[in-house]
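Visitor: Provided below: target.pdb, containing PDB, C-alpha atoms.
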```pdb
ATOM      1  CA  MET A 839     -17.552  -8.598 -23.493
ATOM      2  CA  PHE A 840     -19.307  -5.616 -21.944
ATOM      3  CA  TYR A 841     -21.297  -5.300 -18.748
ATOM      4  CA  ASP A 842     -22.867  -2.520 -16.718
ATOM      5  CA  ALA A 843     -20.357  -1.898 -13.913
ATOM      6  CA  GLU A 844     -22.980  -0.606 -11.468
ATOM      7  CA  LYS A 845     -25.165  -3.677 -11.849
ATOM      8  CA  ASN A 846     -21.929  -5.718 -11.879
ATOM      9  CA  GLU A 847     -23.619  -8.600 -13.676
ATOM     10  CA  HIS A 848     -20.505  -9.822 -15.478
ATOM     11  CA  GLY A 849     -21.231 -13.557 -15.366
ATOM     12  CA  LEU A 850     -17.659 -14.459 -14.390
ATOM     13  CA  LYS A 851     -16.528 -16.400 -11.309
ATOM     14  CA  HIS A 852     -15.175 -13.255  -9.655
ATOM     15  CA  ASP A 853     -15.462  -9.512 -10.191
ATOM     16  CA  PRO A 854     -12.832  -8.771 -12.885
ATOM     17  CA  PHE A 855     -12.308  -5.116 -11.892
ATOM     18  CA  LYS A 856      -9.244  -5.750  -9.717
ATOM     19  CA  ALA A 857      -7.771  -8.043 -12.367
ATOM     20  CA  LEU A 858      -7.916  -5.174 -14.866
ATOM     21  CA  VAL A 859      -6.461  -2.363 -12.756
ATOM     22  CA  VAL A 860      -3.012  -3.963 -12.570
ATOM     23  CA  PRO A 861      -0.329  -4.095 -11.445
ATOM     24  CA  ARG A 862      -1.019  -2.221  -8.219
ATOM     25  CA  PRO A 863       1.905  -1.304  -5.945
ATOM     26  CA  ILE A 864       1.611  -2.582  -2.406
ATOM     27  CA  GLY A 865       1.867  -0.082   0.419
ATOM     28  CA  TRP A 866       2.978  -2.084   3.447
ATOM     29  CA  ILE A 867       1.706   0.296   6.133
ATOM     30  CA  SER A 868       3.180   0.290   9.631
ATOM     31  CA  THR A 869       1.741   2.267  12.530
ATOM     32  CA  LEU A 870       2.269   2.458  16.283
ATOM     33  CA  ASP A 871      -0.749   2.814  18.552
ATOM     34  CA  GLY A 872      -0.971   4.780  21.794
ATOM     35  CA  ASN A 873      -0.114   1.654  23.814
ATOM     36  CA  GLY A 874       3.106   1.073  21.884
ATOM     37  CA  VAL A 875       1.756  -1.865  19.854
ATOM     38  CA  ALA A 876       3.024  -1.948  16.268
ATOM     39  CA  ASN A 877       0.621  -2.692  13.432
ATOM     40  CA  LEU A 878       1.617  -3.790   9.925
ATOM     41  CA  ALA A 879      -0.659  -4.480   6.953
ATOM     42  CA  PRO A 880      -0.329  -4.524   3.142
ATOM     43  CA  TYR A 881      -2.639  -2.379   1.006
ATOM     44  CA  SER A 882      -2.895  -2.930  -2.742
ATOM     45  CA  PHE A 883      -5.043   0.163  -3.116
ATOM     46  CA  PHE A 884      -1.999   2.353  -2.608
ATOM     47  CA  ASN A 885      -0.111   4.881  -4.693
ATOM     48  CA  GLY A 886       1.722   8.153  -4.865
ATOM     49  CA  VAL A 887      -0.583  11.016  -5.819
ATOM     50  CA  ALA A 888       1.664  14.108  -5.728
ATOM     51  CA  THR A 889       5.342  15.044  -5.801
ATOM     52  CA  ASP A 890       5.546  18.591  -4.410
ATOM     53  CA  PRO A 891       5.022  17.849  -1.617
ATOM     54  CA  HIS A 892       5.278  14.061  -1.851
ATOM     55  CA  ILE A 893       1.851  12.616  -0.969
ATOM     56  CA  VAL A 894       0.711   8.982  -0.860
ATOM     57  CA  MET A 895      -2.670   7.355  -0.348
ATOM     58  CA  PHE A 896      -3.960   4.011   0.847
ATOM     59  CA  ALA A 897      -7.500   2.670   1.062
ATOM     60  CA  SER A 898      -9.394  -0.496   1.875
ATOM     61  CA  GLY A 899     -12.851  -1.836   2.414
ATOM     62  CA  LEU A 900     -13.950  -1.519   6.037
ATOM     63  CA  ARG A 901     -12.121   0.601   8.579
ATOM     64  CA  LYS A 902      -8.923  -1.193   9.557
ATOM     65  CA  ASP A 903      -6.382  -0.652  12.316
ATOM     66  CA  SER A 904      -3.855   1.056  10.011
ATOM     67  CA  GLN A 905      -6.327   3.815   9.193
ATOM     68  CA  ARG A 906      -7.549   4.216  12.773
ATOM     69  CA  ILE A 907      -4.032   4.425  14.226
ATOM     70  CA  ALA A 908      -2.780   6.790  11.509
ATOM     71  CA  GLU A 909      -5.701   9.109  12.242
ATOM     72  CA  GLU A 910      -5.216   8.897  16.017
ATOM     73  CA  THR A 911      -1.429   9.341  16.066
ATOM     74  CA  GLY A 912      -0.882  11.371  12.888
ATOM     75  CA  GLU A 913       1.865   9.110  11.544
ATOM     76  CA  PHE A 914       2.526   5.998   9.463
ATOM     77  CA  VAL A 915       5.293   4.419   7.408
ATOM     78  CA  CYS A 916       4.936   2.895   3.975
ATOM     79  CA  ASN A 917       7.345  -0.010   3.588
ATOM     80  CA  PHE A 918       7.828  -1.634   0.190
ATOM     81  CA  SER A 919       7.906  -5.389  -0.275
ATOM     82  CA  GLY A 920      10.582  -6.891  -2.490
ATOM     83  CA  TRP A 921      10.738 -10.517  -3.602
ATOM     84  CA  GLU A 922      12.527 -11.519  -0.392
ATOM     85  CA  GLN A 923       9.725 -10.127   1.785
ATOM     86  CA  ARG A 924       6.774 -11.574  -0.173
ATOM     87  CA  GLU A 925       5.909 -14.352   2.304
ATOM     88  CA  ALA A 926       6.164 -12.078   5.342
ATOM     89  CA  MET A 927       4.119  -9.409   3.586
ATOM     90  CA  ASN A 928       1.388 -11.948   2.931
ATOM     91  CA  ALA A 929       1.559 -13.253   6.523
ATOM     92  CA  SER A 930       1.029  -9.720   7.837
ATOM     93  CA  SER A 931      -2.307  -9.530   5.995
ATOM     94  CA  ALA A 932      -3.932 -11.934   8.494
ATOM     95  CA  SER A 933      -7.074 -10.640  10.189
ATOM     96  CA  VAL A 934      -6.064 -10.367  13.841
ATOM     97  CA  GLY A 935      -6.987  -8.166  16.758
ATOM     98  CA  PRO A 936      -5.429  -4.741  17.406
ATOM     99  CA  GLU A 937      -3.403  -6.167  20.288
ATOM    100  CA  VAL A 938      -1.385  -8.359  17.870
ATOM    101  CA  ASP A 939       1.969  -7.073  16.606
ATOM    102  CA  GLU A 940       2.097  -8.179  12.948
ATOM    103  CA  PHE A 941       5.872  -7.710  12.862
ATOM    104  CA  GLU A 942       6.129 -10.546  15.386
ATOM    105  CA  LEU A 943       3.371 -12.526  13.657
ATOM    106  CA  ALA A 944       5.271 -12.415  10.344
ATOM    107  CA  GLY A 945       8.710 -12.962  11.901
ATOM    108  CA  LEU A 946       9.973  -9.500  10.944
ATOM    109  CA  GLU A 947      12.509  -7.278  12.661
ATOM    110  CA  LYS A 948      11.839  -3.588  13.279
ATOM    111  CA  LEU A 949      14.024  -0.651  12.380
ATOM    112  CA  PRO A 950      13.573   2.766  14.014
ATOM    113  CA  SER A 951      12.322   5.620  11.864
ATOM    114  CA  LYS A 952      14.030   9.014  11.938
ATOM    115  CA  LEU A 953      11.154  11.518  11.841
ATOM    116  CA  VAL A 954       8.097   9.511  12.947
ATOM    117  CA  LYS A 955       7.435   6.950  15.685
ATOM    118  CA  PRO A 956       6.157   3.876  13.752
ATOM    119  CA  PRO A 957       8.895   1.332  13.047
ATOM    120  CA  ARG A 958      10.116   0.276   9.616
ATOM    121  CA  VAL A 959      10.419  -3.256   8.215
ATOM    122  CA  LYS A 960      14.026  -4.427   8.303
ATOM    123  CA  GLY A 961      15.091  -5.731   4.897
ATOM    124  CA  ALA A 962      12.496  -3.837   2.890
ATOM    125  CA  PRO A 963      14.137  -2.110  -0.097
ATOM    126  CA  ALA A 964      12.641   1.296   0.711
ATOM    127  CA  HIS A 965      10.485   3.103   3.271
ATOM    128  CA  LEU A 966       8.450   6.313   3.267
ATOM    129  CA  GLU A 967       7.974   8.017   6.630
ATOM    130  CA  CYS A 968       4.617   9.821   6.508
ATOM    131  CA  VAL A 969       2.589  12.376   8.425
ATOM    132  CA  TYR A 970      -1.165  11.864   8.207
ATOM    133  CA  LEU A 971      -3.000  14.576   6.260
ATOM    134  CA  ASP A 972      -6.635  13.664   5.736
ATOM    135  CA  THR A 973      -9.241  10.952   5.220
ATOM    136  CA  ILE A 974     -11.678  11.249   2.329
ATOM    137  CA  ARG A 975     -14.959   9.314   2.339
ATOM    138  CA  LEU A 976     -15.641   8.158  -1.212
ATOM    139  CA  LYS A 977     -18.899   9.038  -2.957
ATOM    140  CA  ASP A 978     -20.591   7.497  -5.973
ATOM    141  CA  ARG A 979     -21.734   9.484  -9.016
ATOM    142  CA  HIS A 980     -25.035  10.272  -7.281
ATOM    143  CA  GLY A 981     -23.265  11.915  -4.354
ATOM    144  CA  GLU A 982     -23.969   9.031  -1.990
ATOM    145  CA  LYS A 983     -21.163   8.346   0.466
ATOM    146  CA  HIS A 984     -19.864   4.795   0.399
ATOM    147  CA  PRO A 985     -20.594   3.034   3.707
ATOM    148  CA  PHE A 986     -17.002   1.948   4.340
ATOM    149  CA  TYR A 987     -14.547   3.008   1.636
ATOM    150  CA  GLU A 988     -12.224   5.829   2.675
ATOM    151  CA  VAL A 989      -8.912   7.100   1.299
ATOM    152  CA  VAL A 990      -6.132   8.010   3.716
ATOM    153  CA  LEU A 991      -3.631  10.659   2.601
ATOM    154  CA  GLY A 992      -0.185  11.205   4.063
ATOM    155  CA  GLN A 993       2.720  13.521   3.323
ATOM    156  CA  VAL A 994       6.093  11.852   2.965
ATOM    157  CA  VAL A 995       8.590  13.532   5.298
ATOM    158  CA  GLY A 996      11.437  11.006   5.146
ATOM    159  CA  ILE A 997      12.617   8.470   2.571
ATOM    160  CA  HIS A 998      14.933   5.498   3.123
ATOM    161  CA  ILE A 999      16.418   3.606   0.153
ATOM    162  CA  ASP A1000      18.664   0.566   0.506
ATOM    163  CA  ASP A1001      21.976   1.553  -1.103
ATOM    164  CA  ARG A1002      22.048  -1.786  -2.938
ATOM    165  CA  PHE A1003      19.313  -0.458  -5.201
ATOM    166  CA  ILE A1004      20.946   2.794  -6.259
ATOM    167  CA  ALA A1005      23.014   2.601  -9.454
ATOM    168  CA  GLU A1006      24.523   5.500 -11.375
ATOM    169  CA  GLY A1007      22.559   8.023  -9.359
ATOM    170  CA  MET A1008      19.172   6.376  -9.972
ATOM    171  CA  VAL A1009      16.936   3.841  -8.228
ATOM    172  CA  ASP A1010      17.253   0.427  -9.893
ATOM    173  CA  SER A1011      13.594  -0.635  -9.701
ATOM    174  CA  ALA A1012      14.188  -3.983 -11.395
ATOM    175  CA  ALA A1013      16.854  -4.915  -8.846
ATOM    176  CA  MET A1014      14.419  -4.101  -6.013
ATOM    177  CA  LYS A1015      11.946  -6.609  -7.496
ATOM    178  CA  PRO A1016       8.921  -4.818  -6.007
ATOM    179  CA  VAL A1017       5.923  -7.082  -5.461
ATOM    180  CA  SER A1018       2.626  -5.874  -6.929
ATOM    181  CA  ARG A1019      -0.944  -7.077  -6.687
ATOM    182  CA  LEU A1020      -2.951  -8.405  -9.591
ATOM    183  CA  GLY A1021      -6.498  -9.753  -9.420
ATOM    184  CA  TYR A1022      -7.740 -12.613  -7.271
ATOM    185  CA  MET A1023      -4.834 -14.118  -5.250
ATOM    186  CA  ASP A1024      -2.320 -13.283  -7.988
ATOM    187  CA  TYR A1025       0.821 -11.219  -7.558
ATOM    188  CA  ALA A1026       3.638 -10.132  -9.853
ATOM    189  CA  VAL A1027       7.195  -8.937  -9.425
ATOM    190  CA  VAL A1028       8.844  -6.206 -11.468
ATOM    191  CA  ASP A1029      12.115  -7.569 -12.788
ATOM    192  CA  GLU A1030      12.242  -6.217 -16.336
ATOM    193  CA  VAL A1031      12.257  -2.532 -17.256
ATOM    194  CA  PHE A1032      12.184  -0.788 -20.626
ATOM    195  CA  GLN A1033      12.411   2.879 -21.537
ATOM    196  CA  MET A1034      10.427   5.115 -23.881
ATOM    197  CA  GLN A1035      11.144   8.819 -24.316
ATOM    198  CA  ARG A1036       8.231  11.226 -24.387
ATOM    199  CA  PRO A1037       7.626  12.934 -27.695
ATOM    200  CA  LYS A1038       8.787  16.549 -27.868
TER     201      LYS A1038
END
```
Here is a file; write its structure as structure tokens.
Guide:
Amino acid sequence: MFYDAEKNEHGLKHDPFKALVVPRPIGWISTLDGNGVANLAPYSFFNGVATDPHIVMFASGLRKDSQRIAEETGEFVCNFSGWEQREAMNASSASVGPEVDEFELAGLEKLPSKLVKPPRVKGAPAHLECVYLDTIRLKDRHGEKHPFYEVVLGQVVGIHIDDRFIAEGMVDSAAMKPVSRLGYMDYAVVDEVFQMQRPK
């Protein structure tokens, strides 16, 4: 099949775009507002975009608390969800007011961070402590700014890795079983890894 993506007249039950750009890693973003209330939300539009320095991004439709608090305080933490945290990660995606602590809502314990104020998710296989860098308002090909899609960039200043997932000097991604987002309400877990060497 083919369809014009701008008209988006695909004839399917749901827009297939997000079912094609898969799997997407989930950035489980924690922040701490000026009143000391912790916020936690998963973002499937998340990824690493640079390595020197380490920079990550997250984005969503509409302006959510994670973005607002990261911009106001200058800090956030990206926690990663493994198989064991999948239900809590999903529970933390509930649409609730800014006064609600999603750690408590999802039955999660907090761990202190070392270089930033937002707490980390206890039990998560890895965490990235981040300093907010910038927010970029997305534009279409005609130069029109999108009414509510923005990309938040942060520099990673501290990295925590659960020692259980380090083997022979490398991160064992399959053992971490990171949860990723597919299309619709579908998720996947990485539990099988294969290697291919780049051609010389």
Visitor: Given the file above and the PyMOL selection byres ((chain A and resi 987-994) around 9), which residues are selected, and can you give them as a VMD selection string?
Guide: chain A and resid 887 891 to 901 905 908 to 909 912 to 915 966 to 977 983 to 986 995 to 997
Visitor: Tell me, as a PyMOL selection string, which residues lie within 12 Å of A:Phe1032, counting only C-alpha atoms; anything in the same chain fewer than 3 positions away does not count.
Guide: chain A and resi 1010-1012+1028-1029+1035
Visitor: With C-alpha atoms retained, write the just-selected residues as a PDB file, in the coordinates of the input.
Guide:
```pdb
ATOM      1  CA  ASP A1010      17.253   0.427  -9.893  1.00  0.00           C
ATOM      2  CA  SER A1011      13.594  -0.635  -9.701  1.00  0.00           C
ATOM      3  CA  ALA A1012      14.188  -3.983 -11.395  1.00  0.00           C
ATOM      4  CA  VAL A1028       8.844  -6.206 -11.468  1.00  0.00           C
ATOM      5  CA  ASP A1029      12.115  -7.569 -12.788  1.00  0.00           C
ATOM      6  CA  GLN A1035      11.144   8.819 -24.316  1.00  0.00           C
TER       7      GLN A1035
END
```
Visitor: A:Phe855: which residues within 9 Å, counting all atoms listed in the file, same-chain residues fewer than 4 positions away excluded, as an NGL selection string?
Guide: :A and (843 or 859 or 1021)
Visitor: Atom CA of A:Asp939 to atom CA of A:Asp871: how many Å, to one decimal?
Guide: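 Going from atom CA of A:Asp939 over to atom CA of A:Asp871, I get 10.4 Å.
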Visitor: Residues near A:Ala964, anyone? I mean within 9 Å using all atoms listed in the file, not counting same-chain ones fewer than 6 positions away, as an MDAnalysis selection string.
Guide: chainID A and resid 916:919 997:1000 1014
Visitor: One number please: atom CA of A:Pro880 to atom CA of A:Asp1001, in Å, one decimal.
Guide: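 It comes out at 23.5 Å.
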Visitor: Give me the residues within 12 Å of A:Val875 as a ChimeraX atom specification, counting all atoms listed in the file and dropping any in the same chain fewer than 3 places off.
Guide: /A:868-872,878,903-904,907,935-942,955-957
Visitor: Can you tell me, as a PyMOL selection string, what residues are no more than 10 Å from A:Tyr1025 when counting only C-alpha atoms, ignoring any on the same chain fewer than 2 positions away?
Guide: chain A and resi 860-862+924+1017-1023+1027
Visitor: Considering all atoms listed in the file, can you say which of A:Glu982, A:Lys845, A:Lys902, A:Ile864 comes closest to A:His965?
Guide: A:Ile864
